[in-house]
>>> print(open('final13.cif').read())   # mmCIF, C-alpha atoms and all ligand atoms
data_coords
loop_
_atom_site.label_atom_id
_atom_site.label_comp_id
_atom_site.auth_asym_id
_atom_site.auth_seq_id
_atom_site.Cartn_x
_atom_site.Cartn_y
_atom_site.Cartn_z
CA MET A 6 -26.13 -9.90 -5.09
CA THR A 7 -22.39 -10.30 -5.70
CA TYR A 8 -20.76 -12.94 -3.57
CA THR A 9 -18.01 -11.53 -1.32
CA PRO A 10 -15.72 -13.97 0.48
CA ARG A 11 -14.31 -13.05 3.90
CA THR A 12 -10.83 -13.38 2.37
CA HIS A 13 -9.18 -14.83 -0.74
CA ARG A 14 -6.47 -16.54 1.35
CA LEU A 15 -7.15 -20.26 1.37
CA ALA A 16 -5.34 -20.78 4.68
CA ASP A 17 -7.52 -18.20 6.47
CA LEU A 18 -10.84 -19.72 5.41
CA THR A 19 -12.82 -22.59 6.93
CA TRP A 20 -13.72 -25.56 4.78
CA PRO A 21 -17.43 -24.65 4.56
CA GLU A 22 -16.39 -21.17 3.38
CA ILE A 23 -14.10 -22.71 0.76
CA ASP A 24 -16.90 -25.02 -0.35
CA GLU A 25 -19.14 -21.98 -0.83
CA LEU A 26 -16.39 -19.92 -2.54
CA ARG A 27 -15.24 -22.59 -5.04
CA PRO A 28 -17.88 -22.01 -7.73
CA HIS A 29 -17.11 -18.25 -7.68
CA ALA A 30 -13.29 -18.61 -7.76
CA PRO A 31 -12.16 -20.45 -10.89
CA VAL A 32 -8.47 -19.50 -10.45
CA ALA A 33 -6.03 -20.54 -7.71
CA ILE A 34 -2.65 -18.80 -7.40
CA VAL A 35 0.31 -20.60 -5.80
CA PRO A 36 2.97 -18.01 -4.85
CA LEU A 37 6.58 -19.17 -4.46
CA GLY A 38 9.35 -17.26 -2.76
CA ALA A 39 12.80 -17.80 -1.31
CA THR A 40 14.73 -17.30 1.91
CA GLU A 41 18.07 -16.08 0.64
CA GLN A 42 20.60 -13.31 1.09
CA HIS A 43 19.65 -9.99 -0.51
CA GLY A 44 22.83 -7.99 -0.02
CA LEU A 45 23.70 -5.83 2.99
CA GLY A 46 20.44 -3.91 3.26
CA MET A 47 17.48 -6.13 2.38
CA ALA A 48 15.77 -8.98 4.24
CA GLN A 49 16.00 -12.63 3.27
CA ARG A 50 12.21 -12.86 2.79
CA THR A 51 12.16 -10.25 0.00
CA ASP A 52 11.16 -12.65 -2.82
CA THR A 53 8.52 -14.36 -0.66
CA THR A 54 6.95 -11.03 0.29
CA ARG A 55 6.98 -9.68 -3.29
CA ALA A 56 5.25 -12.81 -4.64
CA GLU A 57 2.71 -12.80 -1.82
CA ALA A 58 1.96 -9.09 -2.15
CA VAL A 59 1.37 -9.34 -5.90
CA ALA A 60 -0.85 -12.43 -5.47
CA ASP A 61 -2.91 -10.64 -2.81
CA MET A 62 -3.29 -7.51 -4.95
CA VAL A 63 -4.41 -9.59 -7.94
CA ALA A 64 -6.92 -11.54 -5.83
CA ARG A 65 -8.37 -8.39 -4.26
CA ARG A 66 -8.73 -6.75 -7.67
CA MET A 67 -10.43 -9.83 -9.17
CA SER A 68 -12.48 -10.83 -6.11
CA PRO A 69 -14.15 -13.31 -5.79
CA GLN A 70 -12.62 -15.03 -8.82
CA VAL A 71 -9.19 -15.85 -7.36
CA VAL A 72 -7.98 -17.73 -4.27
CA VAL A 73 -4.37 -17.69 -3.06
CA THR A 74 -2.56 -20.55 -1.32
CA PRO A 75 0.09 -19.95 1.33
CA THR A 76 3.36 -18.72 -0.17
CA ILE A 77 6.12 -21.33 -0.22
CA PRO A 78 8.88 -19.48 1.65
CA VAL A 79 11.91 -21.51 0.54
CA GLY A 80 13.02 -22.07 -3.05
CA MET A 81 16.06 -23.04 -5.08
CA SER A 82 18.84 -20.82 -3.76
CA GLU A 83 21.95 -22.98 -4.06
CA HIS A 84 23.77 -20.08 -5.76
CA HIS A 85 23.43 -17.97 -2.59
CA MET A 86 24.54 -20.61 -0.08
CA ALA A 87 27.95 -19.02 0.47
CA PHE A 88 26.20 -16.25 2.47
CA PRO A 89 25.07 -16.88 6.04
CA GLY A 90 21.43 -17.87 6.46
CA THR A 91 20.29 -18.74 2.94
CA LEU A 92 17.99 -21.80 2.85
CA THR A 93 17.58 -23.96 -0.23
CA LEU A 94 15.57 -26.86 -1.57
CA SER A 95 16.99 -29.11 -4.25
CA PRO A 96 15.49 -28.73 -7.76
CA VAL A 97 13.82 -32.13 -7.45
CA THR A 98 12.22 -31.27 -4.09
CA LEU A 99 10.89 -27.90 -5.24
CA GLN A 100 9.52 -29.46 -8.42
CA GLN A 101 7.74 -32.09 -6.32
CA VAL A 102 6.32 -29.46 -3.92
CA VAL A 103 4.79 -27.59 -6.89
CA VAL A 104 3.38 -30.80 -8.39
CA GLU A 105 1.79 -31.90 -5.11
CA LEU A 106 0.32 -28.49 -4.25
CA VAL A 107 -1.21 -28.06 -7.69
CA THR A 108 -2.52 -31.62 -7.56
CA SER A 109 -4.16 -30.87 -4.19
CA LEU A 110 -5.94 -27.88 -5.73
CA HIS A 111 -7.02 -30.07 -8.65
CA ARG A 112 -8.50 -32.64 -6.25
CA HIS A 113 -10.63 -29.84 -4.75
CA GLY A 114 -11.93 -28.85 -8.16
CA TRP A 115 -9.62 -26.10 -9.43
CA ARG A 116 -8.98 -26.34 -13.18
CA ARG A 117 -7.18 -23.01 -13.71
CA ILE A 118 -4.01 -22.73 -11.66
CA PHE A 119 -1.33 -20.05 -11.78
CA VAL A 120 2.10 -20.41 -10.16
CA LEU A 121 3.74 -17.05 -9.38
CA THR A 122 7.39 -16.93 -8.34
CA GLY A 123 9.14 -13.98 -6.76
CA HIS A 124 12.51 -15.69 -7.26
CA GLY A 125 14.04 -16.40 -10.67
CA GLY A 126 16.10 -19.27 -9.25
CA ASN A 127 12.86 -21.26 -8.98
CA ASN A 128 12.13 -21.04 -12.71
CA SER A 129 13.69 -24.28 -13.92
CA ALA A 130 11.96 -26.38 -11.23
CA ILE A 131 8.58 -24.73 -11.96
CA ASP A 132 9.01 -25.25 -15.68
CA VAL A 133 9.58 -28.99 -15.23
CA ALA A 134 6.75 -29.25 -12.68
CA VAL A 135 4.32 -27.54 -15.05
CA SER A 136 5.36 -29.84 -17.91
CA ARG A 137 4.62 -32.85 -15.69
CA LEU A 138 1.33 -31.39 -14.49
CA ARG A 139 0.13 -30.63 -18.02
CA ALA A 140 0.59 -34.30 -18.85
CA GLU A 141 -0.94 -35.59 -15.59
CA LEU A 142 -3.87 -33.16 -15.20
CA THR A 143 -5.17 -33.14 -18.75
CA ASP A 144 -8.33 -31.19 -17.87
CA THR A 145 -6.47 -28.29 -16.22
CA HIS A 146 -5.01 -25.02 -17.50
CA ILE A 147 -1.70 -24.42 -15.69
CA ALA A 148 0.37 -21.29 -16.25
CA TRP A 149 3.22 -19.57 -14.43
CA SER A 150 5.27 -16.40 -14.39
CA GLY A 151 7.80 -14.52 -12.35
CA VAL A 152 7.07 -11.05 -10.93
CA THR A 153 9.84 -8.98 -12.51
CA PRO A 154 9.95 -10.58 -16.00
CA VAL A 155 6.33 -9.51 -16.58
CA VAL A 156 7.56 -5.89 -16.78
CA ALA A 157 10.85 -6.51 -18.63
CA ASP A 158 9.97 -3.73 -21.08
CA ILE A 159 9.67 -1.10 -18.31
CA ILE A 160 12.85 -2.33 -16.61
CA LYS A 161 14.77 -1.94 -19.86
CA GLU A 162 13.80 1.75 -19.80
CA GLN A 163 14.22 2.34 -16.04
CA GLY A 164 17.13 0.18 -14.90
CA ALA A 165 20.26 2.31 -14.61
CA SER A 166 22.94 -0.32 -13.98
CA GLN A 167 24.53 -2.31 -16.79
CA VAL A 168 24.53 -5.43 -14.61
CA ARG A 169 21.56 -5.95 -12.30
CA GLY A 170 18.98 -8.55 -11.32
CA HIS A 171 19.49 -9.30 -7.64
CA SER A 172 18.93 -6.72 -4.91
CA CYS A 173 19.45 -4.04 -7.55
CA GLU A 174 17.56 -0.75 -8.02
CA ILE A 175 14.66 -2.65 -9.64
CA GLU A 176 14.13 -5.24 -6.90
CA THR A 177 14.77 -2.80 -4.06
CA SER A 178 12.19 -0.38 -5.50
CA GLN A 179 9.59 -3.18 -5.48
CA ALA A 180 10.50 -4.03 -1.88
CA LEU A 181 10.14 -0.37 -0.78
CA TYR A 182 6.66 -0.30 -2.29
CA VAL A 183 5.25 -3.64 -1.06
CA ASP A 184 6.82 -3.63 2.43
CA PRO A 185 9.29 -0.92 3.50
CA ASP A 186 10.26 -3.08 6.49
CA LEU A 187 12.20 -5.24 4.02
CA VAL A 188 14.74 -2.47 3.41
CA LEU A 189 17.40 -0.88 5.63
CA PRO A 190 18.14 2.12 3.38
CA GLU A 191 21.24 3.30 5.24
CA ARG A 192 22.90 -0.10 4.71
CA LEU A 193 22.33 -0.33 0.94
CA VAL A 194 25.55 -0.40 -1.11
CA PRO A 195 26.15 -0.73 -4.84
CA GLY A 196 27.10 -4.27 -5.88
CA SER A 197 28.77 -5.32 -9.10
CA SER A 198 27.17 -2.92 -11.58
CA THR A 199 29.14 -3.35 -14.81
CA VAL A 200 30.39 -6.41 -16.66
CA ASP A 201 33.94 -5.39 -15.69
CA ASP A 202 33.05 -5.71 -11.98
CA LEU A 203 32.42 -9.46 -12.41
CA ASN A 204 35.00 -12.20 -12.08
CA PRO A 205 36.28 -13.83 -15.32
CA ALA A 206 33.66 -16.58 -15.31
CA GLY A 207 30.86 -14.07 -14.66
CA ARG A 208 32.17 -11.84 -17.45
CA LEU A 209 32.31 -14.76 -19.87
CA GLY A 210 28.67 -15.66 -19.18
CA ARG A 211 27.33 -12.09 -19.26
CA SER A 212 29.16 -11.15 -22.48
CA HIS A 213 27.71 -14.04 -24.51
CA PRO A 214 23.90 -13.64 -24.70
CA GLY A 215 22.05 -16.92 -25.02
CA PHE A 216 24.65 -18.95 -23.13
CA HIS A 217 23.91 -20.35 -19.66
CA PHE A 218 26.92 -20.34 -17.33
CA PRO A 219 25.57 -20.02 -13.77
CA GLN A 220 27.86 -18.81 -10.99
CA GLY A 221 27.56 -18.56 -7.23
CA TYR A 222 26.79 -15.03 -6.09
CA ASP A 223 29.89 -14.93 -3.91
CA ALA A 224 31.90 -15.08 -7.16
CA LEU A 225 29.85 -12.33 -8.80
CA SER A 226 29.61 -9.81 -5.97
CA PRO A 227 31.33 -9.67 -2.58
CA THR A 228 28.26 -7.98 -1.07
CA GLY A 229 25.82 -10.46 -2.68
CA ASN A 230 24.00 -7.96 -4.86
CA LEU A 231 24.20 -6.72 -8.44
CA GLY A 232 23.30 -3.22 -9.59
CA ASN A 233 22.78 -0.17 -7.39
CA PRO A 234 20.01 -0.42 -4.78
CA ARG A 235 20.71 3.17 -3.68
CA LEU A 236 18.92 4.30 -6.84
CA ALA A 237 15.69 2.57 -5.70
CA THR A 238 12.53 4.62 -5.20
CA THR A 239 9.06 3.80 -3.93
CA GLU A 240 7.64 5.51 -7.04
CA LEU A 241 9.49 3.15 -9.38
CA GLY A 242 8.37 0.23 -7.20
CA ALA A 243 4.75 1.37 -7.52
CA LEU A 244 5.03 1.65 -11.30
CA LEU A 245 6.57 -1.82 -11.58
CA VAL A 246 4.34 -3.68 -9.11
CA ASP A 247 1.08 -2.00 -10.17
CA THR A 248 1.86 -2.83 -13.80
CA VAL A 249 2.68 -6.45 -12.89
CA VAL A 250 -0.71 -6.66 -11.13
CA ASP A 251 -2.49 -5.13 -14.16
CA ARG A 252 -0.85 -7.60 -16.52
CA ILE A 253 -1.46 -10.67 -14.37
CA CYS A 254 -5.12 -9.65 -13.97
CA GLY A 255 -5.31 -9.33 -17.77
CA PHE A 256 -3.78 -12.77 -18.24
CA LEU A 257 -6.01 -14.42 -15.64
CA THR A 258 -9.12 -12.80 -17.11
CA GLY A 259 -8.12 -14.39 -20.41
CA LEU A 260 -7.53 -17.72 -18.65
CA ILE A 261 -11.02 -17.62 -17.11
CA GLY A 262 -12.49 -16.87 -20.53
CA LEU A 263 -10.91 -19.91 -22.19
CA PRO A 264 -12.96 -23.02 -22.75
CA ASP A 265 -12.18 -25.77 -20.22
CA ARG A 266 -9.11 -27.74 -21.19
CA SER A 267 -9.99 -31.19 -22.41
CA PRO A 268 -7.67 -34.11 -22.99
CA ALA A 269 -6.24 -34.26 -26.50
CA PRO A 270 -8.09 -36.78 -28.63
CA PRO A 271 -6.15 -39.93 -29.46
CA PRO A 272 -4.19 -39.74 -32.71
CA ALA A 273 -6.36 -40.30 -35.74
CA ARG A 274 -6.23 -43.81 -37.05
CA ILE A 275 -5.01 -44.06 -40.57
CA ALA A 276 -7.47 -46.02 -42.56
CA LEU A 277 -5.59 -48.78 -44.24
CA GLU A 278 -6.75 -49.76 -47.60
CA THR A 279 -7.25 -53.44 -47.87
CA THR A 280 -7.32 -55.30 -51.10
ZN ZN B 301 15.15 -11.40 -4.70
#
>>> encode(input="final13.cif", output="structure tokens")
Amino acid sequence: MTYTPRTHRLADLTWPEIDELRPHAPVAIVPLGATEQHGLGMAQRTDTTRAEAVADMVARRMSPQVVVTPTIPVGMSEHHMAFPGTLTLSPVTLQQVVVELVTSLHRHGWRRIFVLTGHGGNNSAIDVAVSRLRAELTDTHIAWSGVTPVVADIIKEQGASQVRGHSCEIETSQALYVDPDLVLPERLVPGSSTVDDLNPAGRLGRSHPGFHFPQGYDALSPTGNLGNPRLATTELGALLVDTVVDRICGFLTGLIGLPDRSPAPPPARIALETT
């Protein structure tokens, strides 16, 4: 008989249930979000809810093979701090949070761990954390992705605005699909939608692909959003989110199928010829 856990959410289970579930659930997902401004018509928890919803959908689809930790609701959002209410962790703190959560999972036996962020501002901290963890936990496969970048090919076809990426038609569509309570449709307004709408520093960065020149969002858009959230639809959100779930399930199935990671052997000794 197939084993069916009461839930895949680690925080909702008892320890004896987790002990029983562990051998059936080789993968643990750690979702990361943010509490930051999302323009005039979308809630601050948008990134947290998107990451959590995708993680839950993946875990339900792959049950019982995946458990999900609580979603970390605050990320690196320094670039949104000019707007009332945004909360931020420093890069070093977020990196340490990821390292310590993944290490906790490792201590309980997980050897395949996937960090999923709903907020692109978290990427640099996750990348460094995962580099550290790969060196420290040499028997563990650790991978990570964002939500939106997984469907970059679809967004290239569907995104209408020249400039987008935060509270735009793409993100607002996802929000409408995963939790309509995130969106106040009558308050949505277009933000900066073309390169010409940006300030000189924003234009300089956006017109030179490959260069990194981060700016605060207050300098990029007076309303705090890019692109046109009025173009958002639940149908586009369903296409994007359902495809993200498909692709993450595909990746995690591959991860489960890999041999266990084992520490790299020490460098081969060069036999020295002696006379
Ligand atoms: Zn967002």
>>> residues_around(input="final13.cif", residues="region 43-46 of chain A", least_positions_apart="2", cutoff="7 Å", atoms="all atoms listed in the file", output="list in words")
Glu41, Ala48, Gln49, Ser172, Val188, Leu189, Pro190, Arg192, Leu193, Thr228, Gly229 and Asn230 of chain A
>>> closest_atom_pairs(input="final13.cif", of="chain A", to="ligand ZN 301 (chain B)", cutoff="7 Å", atoms="only C-alpha atoms and all ligand atoms", output="CSV")
residue,atom,partner,partner_atom,distance
A:His43,CA,B:ZN301,ZN,6.3
A:Thr51,CA,B:ZN301,ZN,5.7
A:Asp52,CA,B:ZN301,ZN,4.6
A:Gly123,CA,B:ZN301,ZN,6.9
A:His124,CA,B:ZN301,ZN,5.7
A:His171,CA,B:ZN301,ZN,5.6
A:Ser172,CA,B:ZN301,ZN,6.0
A:Glu176,CA,B:ZN301,ZN,6.6
>>> closest_atom_pairs(input="final13.cif", of="region 40-120 of chain A", to="region 6-24 of chain A", cutoff="8 Å", atoms="only C-alpha atoms", output="CSV")
residue,atom,partner,partner_atom,distance
A:Asp61,CA,A:His13,CA,7.8
A:Ala64,CA,A:His13,CA,6.5
A:Arg65,CA,A:His13,CA,7.4
A:Ser68,CA,A:Thr9,CA,7.3
A:Pro69,CA,A:Thr9,CA,6.2
A:Val71,CA,A:His13,CA,6.7
A:Val72,CA,A:His13,CA,4.7
A:Val73,CA,A:Arg14,CA,5.0
A:Thr74,CA,A:Leu15,CA,5.3
A:Pro75,CA,A:Ala16,CA,6.4
>>> residues_around(input="final13.cif", residues="Arg208 (chain A)", least_positions_apart="3", cutoff="12 Å", atoms="all atoms listed in the file", output="ChimeraX atom specification")
/A:168,197-205,211-214,216,218-220,224-226
>>> residues_near_point(input="final13.cif", point="(13.2, -17.0, 0.9)", cutoff="8 Å", atoms="all atoms listed in the file", output="number ranges by chain")
A: 38-41, 49-53, 78-80, 91-92
>>> closest_residue(input="final13.cif", among="A:Thr54, A:Gln163, A:Gln179, A:Ser82", to="Gln42 (chain A)", atoms="all atoms listed in the file")
A:Ser82
>>> closest_residue(input="final13.cif", among="A:Val249, A:Ile147, A:Ile131, A:Val155", to="Asp265 (chain A)", atoms="all atoms listed in the file")
A:Ile147
>>> residues_near_point(input="final13.cif", point="(-6.1, -26.5, -12.0)", cutoff="8 Å", atoms="all atoms listed in the file", output="PyMOL selection string")
chain A and resi 32-33+107-108+110-111+114-118+142+144-147
>>> closest_residue(input="final13.cif", among="A:Phe88, A:Val35, A:Gly170, A:Val63", to="Ser109 (chain A)", atoms="all atoms listed in the file")
A:Val35
>>> closest_residue(input="final13.cif", among="A:Ser150, A:Pro31, A:Met47, A:Pro36", to="Glu191 (chain A)", atoms="only C-alpha atoms")
A:Met47
>>> closest_residue(input="final13.cif", among="A:Thr76, A:Ser136, A:Thr93, A:Gln101", to="Thr122 (chain A)", atoms="all atoms listed in the file")
A:Thr76
>>> atom_distance(input="final13.cif", atom1="CA of Leu181 (chain A)", atom2="CA of Thr239 (chain A)")
5.3 Å
>>> closest_residue(input="final13.cif", among="A:Gly151, A:Pro264, A:Gly221, A:Pro270", to="Arg55 (chain A)", atoms="all atoms listed in the file")
A:Gly151
>>> atom_distance(input="final13.cif", atom1="CA of Ile160 (chain A)", atom2="CA of Asp247 (chain A)")
13.4 Å
>>> atom_distance(input="final13.cif", atom1="CA of Ile175 (chain A)", atom2="CA of Gly126 (chain A)")
16.7 Å
>>> decode(input="final13.cif", residues="region 175-189 of chain A", atoms="N, CA and C atoms", output="PDB file, in the first residue's frame")
ATOM      1  N   ILE A 175       3.336  39.971 -15.545  1.00  0.00           N
ATOM      2  CA  ILE A 175       3.729  38.581 -15.309  1.00  0.00           C
ATOM      3  C   ILE A 175       3.522  38.201 -13.839  1.00  0.00           C
ATOM      4  N   GLU A 176       4.049  39.030 -12.942  1.00  0.00           N
ATOM      5  CA  GLU A 176       3.938  38.702 -11.511  1.00  0.00           C
ATOM      6  C   GLU A 176       2.491  38.818 -11.030  1.00  0.00           C
ATOM      7  N   THR A 177       1.788  39.827 -11.507  1.00  0.00           N
ATOM      8  CA  THR A 177       0.403  40.024 -11.059  1.00  0.00           C
ATOM      9  C   THR A 177      -0.483  38.868 -11.551  1.00  0.00           C
ATOM     10  N   SER A 178      -0.209  38.351 -12.739  1.00  0.00           N
ATOM     11  CA  SER A 178      -0.968  37.189 -13.232  1.00  0.00           C
ATOM     12  C   SER A 178      -0.767  35.990 -12.306  1.00  0.00           C
ATOM     13  N   GLN A 179       0.487  35.767 -11.890  1.00  0.00           N
ATOM     14  CA  GLN A 179       0.755  34.652 -10.962  1.00  0.00           C
ATOM     15  C   GLN A 179      -0.006  34.850  -9.649  1.00  0.00           C
ATOM     16  N   ALA A 180      -0.002  36.097  -9.157  1.00  0.00           N
ATOM     17  CA  ALA A 180      -0.684  36.386  -7.886  1.00  0.00           C
ATOM     18  C   ALA A 180      -2.185  36.121  -8.018  1.00  0.00           C
ATOM     19  N   LEU A 181      -2.790  36.552  -9.138  1.00  0.00           N
ATOM     20  CA  LEU A 181      -4.232  36.328  -9.344  1.00  0.00           C
ATOM     21  C   LEU A 181      -4.558  34.836  -9.303  1.00  0.00           C
ATOM     22  N   TYR A 182      -3.649  34.026  -9.831  1.00  0.00           N
ATOM     23  CA  TYR A 182      -3.902  32.587  -9.899  1.00  0.00           C
ATOM     24  C   TYR A 182      -3.703  31.899  -8.547  1.00  0.00           C
ATOM     25  N   VAL A 183      -2.608  32.238  -7.835  1.00  0.00           N
ATOM     26  CA  VAL A 183      -2.330  31.484  -6.592  1.00  0.00           C
ATOM     27  C   VAL A 183      -3.128  31.994  -5.403  1.00  0.00           C
ATOM     28  N   ASP A 184      -3.484  33.293  -5.394  1.00  0.00           N
ATOM     29  CA  ASP A 184      -4.249  33.839  -4.269  1.00  0.00           C
ATOM     30  C   ASP A 184      -4.806  35.206  -4.658  1.00  0.00           C
ATOM     31  N   PRO A 185      -6.037  35.242  -5.171  1.00  0.00           N
ATOM     32  CA  PRO A 185      -6.604  36.514  -5.647  1.00  0.00           C
ATOM     33  C   PRO A 185      -6.670  37.585  -4.555  1.00  0.00           C
ATOM     34  N   ASP A 186      -6.629  37.159  -3.282  1.00  0.00           N
ATOM     35  CA  ASP A 186      -6.645  38.155  -2.201  1.00  0.00           C
ATOM     36  C   ASP A 186      -5.397  39.040  -2.204  1.00  0.00           C
ATOM     37  N   LEU A 187      -4.362  38.626  -2.935  1.00  0.00           N
ATOM     38  CA  LEU A 187      -3.145  39.438  -3.009  1.00  0.00           C
ATOM     39  C   LEU A 187      -3.363  40.721  -3.806  1.00  0.00           C
ATOM     40  N   VAL A 188      -4.374  40.714  -4.680  1.00  0.00           N
ATOM     41  CA  VAL A 188      -4.492  41.778  -5.691  1.00  0.00           C
ATOM     42  C   VAL A 188      -5.734  42.635  -5.456  1.00  0.00           C
ATOM     43  N   LEU A 189      -5.554  43.953  -5.552  1.00  0.00           N
ATOM     44  CA  LEU A 189      -6.671  44.899  -5.526  1.00  0.00           C
ATOM     45  C   LEU A 189      -6.767  45.470  -6.949  1.00  0.00           C
TER      46      LEU A 189
END
